[in-house]
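Novice: What follows is coords-v9.pdb, made up of PDB, C-alpha atoms:
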ATOM      1  CA  MET O   1      80.159  71.818  -0.040
ATOM      2  CA  THR O   2      81.738  68.997  -2.022
ATOM      3  CA  LEU O   3      81.434  69.505  -5.750
ATOM      4  CA  ARG O   4      81.230  66.449  -7.952
ATOM      5  CA  VAL O   5      80.131  65.282 -11.363
ATOM      6  CA  ILE O   6      76.779  63.564 -10.834
ATOM      7  CA  SER O   7      76.261  61.623 -14.068
ATOM      8  CA  GLY O   8      77.876  60.487 -17.295
ATOM      9  CA  THR O   9      81.414  59.467 -18.170
ATOM     10  CA  ALA O  10      83.033  61.410 -15.298
ATOM     11  CA  LYS O  11      80.381  60.461 -12.718
ATOM     12  CA  GLY O  12      81.669  60.657  -9.153
ATOM     13  CA  ARG O  13      84.744  62.778  -9.923
ATOM     14  CA  LYS O  14      85.266  65.417  -7.268
ATOM     15  CA  LEU O  15      85.731  68.966  -8.522
ATOM     16  CA  LYS O  16      88.042  71.509  -6.950
ATOM     17  CA  SER O  17      86.350  74.637  -5.561
ATOM     18  CA  VAL O  18      87.515  78.164  -6.289
ATOM     19  CA  PRO O  19      89.403  79.469  -3.227
ATOM     20  CA  GLY O  20      87.592  82.175  -1.231
ATOM     21  CA  ASP O  21      83.953  83.217  -1.532
ATOM     22  CA  THR O  22      83.901  84.877  -4.941
ATOM     23  CA  THR O  23      81.900  82.089  -6.596
ATOM     24  CA  ARG O  24      78.558  80.506  -5.829
ATOM     25  CA  PRO O  25      78.724  76.818  -6.758
ATOM     26  CA  ILE O  26      75.576  75.096  -7.974
ATOM     27  CA  THR O  27      74.161  72.478  -5.605
ATOM     28  CA  ASP O  28      73.819  68.869  -6.733
ATOM     29  CA  MET O  29      70.029  69.165  -6.380
ATOM     30  CA  VAL O  30      69.820  72.179  -8.722
ATOM     31  CA  LYS O  31      72.333  70.674 -11.171
ATOM     32  CA  GLU O  32      70.394  67.389 -11.278
ATOM     33  CA  ALA O  33      67.128  69.285 -11.833
ATOM     34  CA  LEU O  34      68.684  71.397 -14.608
ATOM     35  CA  PHE O  35      69.950  68.370 -16.502
ATOM     36  CA  ASN O  36      66.665  66.490 -15.993
ATOM     37  CA  ILE O  37      64.878  69.423 -17.658
ATOM     38  CA  ILE O  38      67.328  69.419 -20.588
ATOM     39  CA  GLY O  39      67.234  65.631 -20.870
ATOM     40  CA  THR O  40      68.889  63.952 -23.857
ATOM     41  CA  ASP O  41      69.263  67.289 -25.693
ATOM     42  CA  VAL O  42      72.636  67.647 -23.978
ATOM     43  CA  VAL O  43      74.177  64.948 -26.214
ATOM     44  CA  ASP O  44      76.291  66.457 -29.033
ATOM     45  CA  SER O  45      75.336  70.004 -27.993
ATOM     46  CA  SER O  46      77.589  73.031 -27.610
ATOM     47  CA  TRP O  47      77.546  75.072 -24.403
ATOM     48  CA  TRP O  48      78.822  78.373 -23.127
ATOM     49  CA  ASP O  49      79.267  78.455 -19.347
ATOM     50  CA  VAL O  50      79.379  82.256 -19.197
ATOM     51  CA  PHE O  51      80.408  83.050 -15.588
ATOM     52  CA  ALA O  52      81.918  79.618 -15.163
ATOM     53  CA  GLY O  53      83.357  79.704 -11.619
ATOM     54  CA  THR O  54      84.394  76.083 -10.981
ATOM     55  CA  GLY O  55      83.160  74.948 -14.388
ATOM     56  CA  ALA O  56      80.764  72.474 -12.708
ATOM     57  CA  VAL O  57      77.837  73.032 -15.105
ATOM     58  CA  GLY O  58      79.906  72.853 -18.276
ATOM     59  CA  ILE O  59      81.829  69.825 -16.999
ATOM     60  CA  GLU O  60      78.537  68.108 -16.145
ATOM     61  CA  ALA O  61      77.377  68.816 -19.719
ATOM     62  CA  LEU O  62      80.582  67.287 -21.125
ATOM     63  CA  SER O  63      80.206  64.262 -18.862
ATOM     64  CA  ARG O  64      76.669  63.770 -20.217
ATOM     65  CA  GLY O  65      77.773  63.919 -23.845
ATOM     66  CA  ALA O  66      78.030  67.575 -24.892
ATOM     67  CA  SER O  67      80.474  67.964 -27.779
ATOM     68  CA  PHE O  68      81.978  71.325 -26.769
ATOM     69  CA  VAL O  69      81.902  73.802 -23.867
ATOM     70  CA  ARG O  70      83.363  77.310 -23.721
ATOM     71  CA  PHE O  71      84.122  78.481 -20.184
ATOM     72  CA  THR O  72      84.595  82.184 -19.471
ATOM     73  CA  ASP O  73      85.388  83.966 -16.243
ATOM     74  CA  LEU O  74      86.993  87.306 -15.480
ATOM     75  CA  ASN O  75      89.242  86.242 -12.613
ATOM     76  CA  ARG O  76      92.398  84.143 -12.536
ATOM     77  CA  ALA O  77      91.393  81.835  -9.638
ATOM     78  CA  PRO O  78      88.259  80.469 -11.373
ATOM     79  CA  ILE O  79      90.150  80.063 -14.664
ATOM     80  CA  GLU O  80      92.884  78.019 -12.957
ATOM     81  CA  THR O  81      90.217  75.976 -11.126
ATOM     82  CA  ILE O  82      88.331  75.251 -14.381
ATOM     83  CA  LYS O  83      91.547  74.155 -16.107
ATOM     84  CA  PHE O  84      92.363  71.831 -13.192
ATOM     85  CA  ASN O  85      88.829  70.364 -13.141
ATOM     86  CA  LEU O  86      88.791  69.816 -16.915
ATOM     87  CA  GLU O  87      92.127  67.997 -16.780
ATOM     88  CA  HIS O  88      91.006  65.943 -13.758
ATOM     89  CA  CYS O  89      87.879  64.845 -15.682
ATOM     90  CA  CYS O  90      89.760  64.334 -18.990
ATOM     91  CA  PHE O  91      87.737  66.935 -20.920
ATOM     92  CA  THR O  92      90.417  69.414 -22.028
ATOM     93  CA  GLU O  93      90.016  68.430 -25.703
ATOM     94  CA  GLN O  94      86.303  69.373 -25.842
ATOM     95  CA  ALA O  95      86.705  72.628 -23.929
ATOM     96  CA  GLU O  96      87.882  76.171 -24.433
ATOM     97  CA  VAL O  97      88.737  78.273 -21.376
ATOM     98  CA  ARG O  98      88.915  82.050 -21.744
ATOM     99  CA  ARG O  99      89.753  84.622 -19.128
ATOM    100  CA  ALA O 100      87.565  87.442 -20.346
ATOM    101  CA  ASP O 101      84.849  89.937 -19.502
ATOM    102  CA  SER O 102      81.803  87.848 -20.383
ATOM    103  CA  LEU O 103      79.538  90.873 -20.827
ATOM    104  CA  ALA O 104      81.966  92.432 -23.300
ATOM    105  CA  MET O 105      82.221  89.097 -25.162
ATOM    106  CA  LEU O 106      78.436  88.815 -25.419
ATOM    107  CA  ALA O 107      78.356  92.216 -27.149
ATOM    108  CA  GLN O 108      80.951  91.170 -29.764
ATOM    109  CA  PRO O 109      80.161  89.462 -33.080
ATOM    110  CA  ALA O 110      79.678  85.737 -32.496
ATOM    111  CA  ASP O 111      82.575  83.454 -33.381
ATOM    112  CA  ARG O 112      80.379  80.342 -33.015
ATOM    113  CA  LYS O 113      76.815  79.389 -32.101
ATOM    114  CA  PHE O 114      75.705  77.632 -28.928
ATOM    115  CA  GLN O 115      72.686  75.427 -28.170
ATOM    116  CA  ASN O 116      72.959  76.133 -24.445
ATOM    117  CA  VAL O 117      74.144  79.262 -22.682
ATOM    118  CA  TYR O 118      74.362  79.041 -18.887
ATOM    119  CA  ILE O 119      74.461  82.314 -16.940
ATOM    120  CA  ALA O 120      75.220  82.184 -13.201
ATOM    121  CA  PRO O 121      76.955  85.475 -12.380
ATOM    122  CA  PRO O 122      77.839  87.048  -9.029
ATOM    123  CA  GLN O 123      74.604  87.712  -7.121
ATOM    124  CA  TYR O 124      72.782  90.991  -6.517
ATOM    125  CA  LYS O 125      74.693  93.028  -9.073
ATOM    126  CA  GLU O 126      72.128  92.837 -11.907
ATOM    127  CA  ILE O 127      74.774  91.123 -14.026
ATOM    128  CA  TRP O 128      72.355  88.374 -15.063
ATOM    129  CA  GLU O 129      70.047  91.042 -16.517
ATOM    130  CA  ARG O 130      72.885  92.633 -18.476
ATOM    131  CA  ALA O 131      73.943  89.214 -19.826
ATOM    132  CA  VAL O 132      70.414  88.268 -20.951
ATOM    133  CA  LEU O 133      69.891  91.711 -22.494
ATOM    134  CA  ALA O 134      73.236  91.411 -24.304
ATOM    135  CA  LEU O 135      72.173  88.056 -25.799
ATOM    136  CA  ASP O 136      68.781  89.541 -26.650
ATOM    137  CA  GLU O 137      70.554  92.341 -28.557
ATOM    138  CA  ASN O 138      73.079  89.960 -30.143
ATOM    139  CA  PRO O 139      71.333  86.584 -30.670
ATOM    140  CA  THR O 140      73.904  85.530 -33.293
ATOM    141  CA  TRP O 141      75.557  83.511 -30.477
ATOM    142  CA  LEU O 142      72.528  81.196 -30.408
ATOM    143  CA  THR O 143      71.378  78.325 -32.606
ATOM    144  CA  GLU O 144      67.712  78.638 -33.559
ATOM    145  CA  ASP O 145      66.717  76.026 -30.948
ATOM    146  CA  ALA O 146      69.014  77.391 -28.219
ATOM    147  CA  TRP O 147      68.196  77.681 -24.549
ATOM    148  CA  VAL O 148      69.534  80.437 -22.326
ATOM    149  CA  MET O 149      69.489  79.345 -18.684
ATOM    150  CA  VAL O 150      69.951  81.723 -15.772
ATOM    151  CA  GLN O 151      70.755  80.738 -12.168
ATOM    152  CA  ILE O 152      69.953  83.497  -9.661
ATOM    153  CA  HIS O 153      68.487  84.045  -6.215
ATOM    154  CA  PRO O 154      64.674  84.343  -6.503
ATOM    155  CA  ARG O 155      64.795  87.906  -5.083
ATOM    156  CA  GLU O 156      66.943  88.993  -8.031
ATOM    157  CA  TYR O 157      64.406  88.072 -10.703
ATOM    158  CA  LYS O 158      62.410  90.614 -12.652
ATOM    159  CA  ASP O 159      60.725  90.569 -16.032
ATOM    160  CA  LEU O 160      62.954  91.950 -18.760
ATOM    161  CA  GLU O 161      61.823  93.745 -21.889
ATOM    162  CA  LEU O 162      63.118  91.415 -24.586
ATOM    163  CA  HIS O 163      62.919  91.503 -28.377
ATOM    164  CA  SER O 164      64.708  88.334 -29.557
ATOM    165  CA  LEU O 165      64.288  86.096 -26.502
ATOM    166  CA  VAL O 166      61.228  84.906 -24.627
ATOM    167  CA  LYS O 167      61.040  83.339 -21.155
ATOM    168  CA  PHE O 168      59.414  79.924 -21.341
ATOM    169  CA  ASP O 169      59.943  78.427 -17.892
ATOM    170  CA  GLU O 170      61.258  79.007 -14.405
ATOM    171  CA  ARG O 171      61.897  76.614 -11.540
ATOM    172  CA  LYS O 172      62.594  77.459  -7.919
ATOM    173  CA  TYR O 173      64.722  75.226  -5.678
ATOM    174  CA  SER O 174      64.995  76.724  -2.187
ATOM    175  CA  ASN O 175      67.148  79.863  -2.627
ATOM    176  CA  THR O 176      67.958  79.197  -6.304
ATOM    177  CA  LEU O 177      65.848  80.173  -9.292
ATOM    178  CA  LEU O 178      66.468  78.753 -12.758
ATOM    179  CA  VAL O 179      64.979  80.856 -15.558
ATOM    180  CA  PHE O 180      64.823  79.559 -19.135
ATOM    181  CA  TYR O 181      64.727  81.638 -22.320
ATOM    182  CA  GLU O 182      64.609  80.732 -26.013
ATOM    183  CA  LEU O 183      64.502  82.658 -29.267
ATOM    184  CA  LYS O 184      61.112  84.007 -30.255
ATOM    185  CA  GLU O 185      59.555  82.306 -33.233
ATOM    186  CA  LYS O 186      59.854  84.433 -36.334
TER     187      LYS O 186
END
Just give me the structure of the file as structure tokens.
Specialist:
Amino acid sequence: MTLRVISGTAKGRKLKSVPGDTTRPITDMVKEALFNIIGTDVVDSSWWDVFAGTGAVGIEALSRGASFVRFTDLNRAPIETIKFNLEHCCFTEQAEVRRADSLAMLAQPADRKFQNVYIAPPQYKEIWERAVLALDENPTWLTEDAWVMVQIHPREYKDLELHSLVKFDERKYSNTLLVFYELKEK
């Protein structure tokens, strides 16, 4: 699968894939749908691409006008791939790349707030649940109008018992499910 930026200032730039089969890149169809749902709210927003892989979602956000994206991944190969892709698309200034355990980071005190948090972890390991529950327990990472977006296989989904977050939408595209959460109104 050829990865590319589909819109914005870096439109058409090809992105390098992570070697091997440890990541699950987002398809153009799902990425286009995701950004159509978000619409113009991407402009000047801050993002955290939590299990970033190639960095395709965060780079797409930067290309469409996001002001800042944090990319985290646990493994060296994705981190090197993200750094390459950011440089190739000329977005290194608006990005922060951290090799870190994303779940451990989510449990720490927030060092900044994000309008968009994108969670697309390795499949079938219940990691998405742990990430959403960590944000639910520690919502200080989120601006009051933040969206938390999860990309999983539809078979992985289950309702979670949440206190700070509420699911407000889900969209299925073939074998990909996007689930959207926001903070509950106080």
Novice: I'd like the neighbourhood of Glu129 of chain O as a count of residues only, where a residue qualifies if any of its atoms comes within 12 Å (using all atoms listed in the file), though same-chain residues fewer than 5 positions away should be ignored.
Specialist: 22
Novice: I'd like to know which of O:Val30, O:Cys89, O:Ala104, O:Ala146 is closest to Ile127 of chain O, using only C-alpha atoms.
Specialist: O:Ala104
Novice: Once you count only C-alpha atoms, which residues end up no further than 6 Å from (78.1, 84.2, -22.5) in the file's frame, shown as a list of chain:residue names?
Specialist: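 Output: O:Trp48, O:Val50, O:Ser102, O:Leu106.
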Novice: Record the distance separating atom CA of Arg24 of chain O and atom CA of Glu87 of chain O, expressed in Å with one decimal.
Specialist: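 Value for the atom CA of Arg24 of chain O-atom CA of Glu87 of chain O distance: 21.5 Å.
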Novice: What would the list of residues within 12 Å of (86.1, 69.9, -12.8) (file frame) look like as a PyMOL selection string, if all atoms listed in the file are what count?
Specialist: chain O and resi 2-6+10-18+25+52-63+71+78-92+95
Novice: Kindly indicate which residue among O:Gly8, O:Phe51, O:Glu96, O:Pro139 lies nearest to Phe68 of chain O, using all atoms listed in the file for the distances.
Specialist: O:Glu96
Novice: By how many Å are atom CA of Glu32 of chain O and atom CA of Asp44 of chain O apart?
Specialist: 18.7 Å
Novice: Might you pull out every residue within 6 Å of segment 97-100 of chain O, with all atoms listed in the file counted and same-chain residues fewer than 4 positions away left off, and present them as a list in words?
Specialist: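 In the requested format, the answer is Arg70, Phe71, Thr72, Asp73 and Leu74 of chain O.
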Novice: Atom CA of Thr140 of chain O and atom CA of Asp111 of chain O, how far apart in Å?
Specialist: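 A separation of 8.9 Å between them.
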Novice: Any chance you could export segment 99-136 of chain O with N, CA and C atoms, as a PDB file, in the first residue's frame?
Specialist:
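Output contents, as saved in result-v6.pdb:
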ATOM      1  N   ARG O  99       9.939   8.630  21.557  1.00  0.00           N
ATOM      2  CA  ARG O  99       9.919   7.177  21.690  1.00  0.00           C
ATOM      3  C   ARG O  99       9.565   6.892  23.141  1.00  0.00           C
ATOM      4  N   ALA O 100       8.360   6.389  23.344  1.00  0.00           N
ATOM      5  CA  ALA O 100       7.866   6.232  24.710  1.00  0.00           C
ATOM      6  C   ALA O 100       6.735   5.219  24.748  1.00  0.00           C
ATOM      7  N   ASP O 101       6.468   4.724  25.940  1.00  0.00           N
ATOM      8  CA  ASP O 101       5.308   3.869  26.190  1.00  0.00           C
ATOM      9  C   ASP O 101       4.098   4.792  26.304  1.00  0.00           C
ATOM     10  N   SER O 102       3.272   4.793  25.278  1.00  0.00           N
ATOM     11  CA  SER O 102       2.135   5.718  25.224  1.00  0.00           C
ATOM     12  C   SER O 102       1.188   5.530  26.404  1.00  0.00           C
ATOM     13  N   LEU O 103       0.948   4.284  26.799  1.00  0.00           N
ATOM     14  CA  LEU O 103       0.032   4.042  27.916  1.00  0.00           C
ATOM     15  C   LEU O 103       0.587   4.634  29.207  1.00  0.00           C
ATOM     16  N   ALA O 104       1.878   4.500  29.420  1.00  0.00           N
ATOM     17  CA  ALA O 104       2.495   5.093  30.612  1.00  0.00           C
ATOM     18  C   ALA O 104       2.413   6.620  30.546  1.00  0.00           C
ATOM     19  N   MET O 105       2.627   7.190  29.353  1.00  0.00           N
ATOM     20  CA  MET O 105       2.531   8.652  29.201  1.00  0.00           C
ATOM     21  C   MET O 105       1.135   9.157  29.508  1.00  0.00           C
ATOM     22  N   LEU O 106       0.110   8.426  29.034  1.00  0.00           N
ATOM     23  CA  LEU O 106      -1.269   8.841  29.261  1.00  0.00           C
ATOM     24  C   LEU O 106      -1.619   8.882  30.747  1.00  0.00           C
ATOM     25  N   ALA O 107      -0.931   8.085  31.554  1.00  0.00           N
ATOM     26  CA  ALA O 107      -1.194   8.031  32.989  1.00  0.00           C
ATOM     27  C   ALA O 107      -0.461   9.148  33.750  1.00  0.00           C
ATOM     28  N   GLN O 108       0.509   9.791  33.100  1.00  0.00           N
ATOM     29  CA  GLN O 108       1.290  10.844  33.755  1.00  0.00           C
ATOM     30  C   GLN O 108       0.522  12.165  33.752  1.00  0.00           C
ATOM     31  N   PRO O 109       0.940  13.105  34.611  1.00  0.00           N
ATOM     32  CA  PRO O 109       0.344  14.449  34.555  1.00  0.00           C
ATOM     33  C   PRO O 109       0.574  15.057  33.170  1.00  0.00           C
ATOM     34  N   ALA O 110      -0.418  15.739  32.658  1.00  0.00           N
ATOM     35  CA  ALA O 110      -0.332  16.324  31.318  1.00  0.00           C
ATOM     36  C   ALA O 110       0.683  17.453  31.283  1.00  0.00           C
ATOM     37  N   ASP O 111       1.489  17.487  30.215  1.00  0.00           N
ATOM     38  CA  ASP O 111       2.417  18.593  30.023  1.00  0.00           C
ATOM     39  C   ASP O 111       1.894  19.584  28.986  1.00  0.00           C
ATOM     40  N   ARG O 112       0.772  19.251  28.354  1.00  0.00           N
ATOM     41  CA  ARG O 112       0.061  20.164  27.450  1.00  0.00           C
ATOM     42  C   ARG O 112      -1.309  19.561  27.158  1.00  0.00           C
ATOM     43  N   LYS O 113      -2.187  20.363  26.588  1.00  0.00           N
ATOM     44  CA  LYS O 113      -3.533  19.881  26.244  1.00  0.00           C
ATOM     45  C   LYS O 113      -3.653  19.730  24.728  1.00  0.00           C
ATOM     46  N   PHE O 114      -4.481  18.770  24.333  1.00  0.00           N
ATOM     47  CA  PHE O 114      -4.677  18.478  22.910  1.00  0.00           C
ATOM     48  C   PHE O 114      -6.153  18.572  22.543  1.00  0.00           C
ATOM     49  N   GLN O 115      -6.428  19.104  21.343  1.00  0.00           N
ATOM     50  CA  GLN O 115      -7.798  19.132  20.817  1.00  0.00           C
ATOM     51  C   GLN O 115      -8.174  17.807  20.165  1.00  0.00           C
ATOM     52  N   ASN O 116      -7.165  17.082  19.688  1.00  0.00           N
ATOM     53  CA  ASN O 116      -7.416  15.817  18.998  1.00  0.00           C
ATOM     54  C   ASN O 116      -6.394  14.784  19.450  1.00  0.00           C
ATOM     55  N   VAL O 117      -6.897  13.650  19.893  1.00  0.00           N
ATOM     56  CA  VAL O 117      -6.027  12.536  20.268  1.00  0.00           C
ATOM     57  C   VAL O 117      -6.438  11.354  19.399  1.00  0.00           C
ATOM     58  N   TYR O 118      -5.475  10.851  18.617  1.00  0.00           N
ATOM     59  CA  TYR O 118      -5.749   9.748  17.690  1.00  0.00           C
ATOM     60  C   TYR O 118      -5.088   8.477  18.204  1.00  0.00           C
ATOM     61  N   ILE O 119      -5.895   7.441  18.396  1.00  0.00           N
ATOM     62  CA  ILE O 119      -5.433   6.181  18.988  1.00  0.00           C
ATOM     63  C   ILE O 119      -5.648   5.056  17.977  1.00  0.00           C
ATOM     64  N   ALA O 120      -4.544   4.531  17.436  1.00  0.00           N
ATOM     65  CA  ALA O 120      -4.612   3.405  16.499  1.00  0.00           C
ATOM     66  C   ALA O 120      -3.518   2.409  16.876  1.00  0.00           C
ATOM     67  N   PRO O 121      -3.735   1.673  17.970  1.00  0.00           N
ATOM     68  CA  PRO O 121      -2.682   0.779  18.473  1.00  0.00           C
ATOM     69  C   PRO O 121      -2.653  -0.562  17.748  1.00  0.00           C
ATOM     70  N   PRO O 122      -1.646  -1.396  18.078  1.00  0.00           N
ATOM     71  CA  PRO O 122      -1.649  -2.763  17.544  1.00  0.00           C
ATOM     72  C   PRO O 122      -3.003  -3.440  17.832  1.00  0.00           C
ATOM     73  N   GLN O 123      -3.474  -4.212  16.858  1.00  0.00           N
ATOM     74  CA  GLN O 123      -4.806  -4.820  16.950  1.00  0.00           C
ATOM     75  C   GLN O 123      -4.856  -5.993  17.917  1.00  0.00           C
ATOM     76  N   TYR O 124      -6.066  -6.248  18.393  1.00  0.00           N
ATOM     77  CA  TYR O 124      -6.433  -7.447  19.161  1.00  0.00           C
ATOM     78  C   TYR O 124      -5.638  -7.633  20.443  1.00  0.00           C
ATOM     79  N   LYS O 125      -5.194  -6.558  21.033  1.00  0.00           N
ATOM     80  CA  LYS O 125      -4.462  -6.659  22.296  1.00  0.00           C
ATOM     81  C   LYS O 125      -5.129  -5.833  23.381  1.00  0.00           C
ATOM     82  N   GLU O 126      -6.313  -5.302  23.089  1.00  0.00           N
ATOM     83  CA  GLU O 126      -7.087  -4.471  24.019  1.00  0.00           C
ATOM     84  C   GLU O 126      -6.343  -3.204  24.424  1.00  0.00           C
ATOM     85  N   ILE O 127      -5.350  -2.822  23.631  1.00  0.00           N
ATOM     86  CA  ILE O 127      -4.580  -1.618  23.952  1.00  0.00           C
ATOM     87  C   ILE O 127      -5.437  -0.374  23.771  1.00  0.00           C
ATOM     88  N   TRP O 128      -6.304  -0.369  22.763  1.00  0.00           N
ATOM     89  CA  TRP O 128      -7.166   0.799  22.555  1.00  0.00           C
ATOM     90  C   TRP O 128      -8.013   1.056  23.789  1.00  0.00           C
ATOM     91  N   GLU O 129      -8.516  -0.022  24.408  1.00  0.00           N
ATOM     92  CA  GLU O 129      -9.351   0.128  25.610  1.00  0.00           C
ATOM     93  C   GLU O 129      -8.535   0.763  26.735  1.00  0.00           C
ATOM     94  N   ARG O 130      -7.318   0.263  26.931  1.00  0.00           N
ATOM     95  CA  ARG O 130      -6.468   0.782  27.994  1.00  0.00           C
ATOM     96  C   ARG O 130      -6.134   2.252  27.752  1.00  0.00           C
ATOM     97  N   ALA O 131      -5.930   2.630  26.494  1.00  0.00           N
ATOM     98  CA  ALA O 131      -5.625   4.036  26.170  1.00  0.00           C
ATOM     99  C   ALA O 131      -6.831   4.939  26.450  1.00  0.00           C
ATOM    100  N   VAL O 132      -8.018   4.521  26.017  1.00  0.00           N
ATOM    101  CA  VAL O 132      -9.222   5.329  26.257  1.00  0.00           C
ATOM    102  C   VAL O 132      -9.503   5.423  27.758  1.00  0.00           C
ATOM    103  N   LEU O 133      -9.359   4.303  28.464  1.00  0.00           N
ATOM    104  CA  LEU O 133      -9.583   4.325  29.914  1.00  0.00           C
ATOM    105  C   LEU O 133      -8.558   5.206  30.619  1.00  0.00           C
ATOM    106  N   ALA O 134      -7.317   5.216  30.136  1.00  0.00           N
ATOM    107  CA  ALA O 134      -6.295   6.082  30.724  1.00  0.00           C
ATOM    108  C   ALA O 134      -6.658   7.557  30.531  1.00  0.00           C
ATOM    109  N   LEU O 135      -7.132   7.924  29.350  1.00  0.00           N
ATOM    110  CA  LEU O 135      -7.569   9.303  29.105  1.00  0.00           C
ATOM    111  C   LEU O 135      -8.807   9.630  29.926  1.00  0.00           C
ATOM    112  N   ASP O 136      -9.691   8.663  30.093  1.00  0.00           N
ATOM    113  CA  ASP O 136     -10.890   8.858  30.897  1.00  0.00           C
ATOM    114  C   ASP O 136     -10.513   9.151  32.356  1.00  0.00           C
TER     115      ASP O 136
END
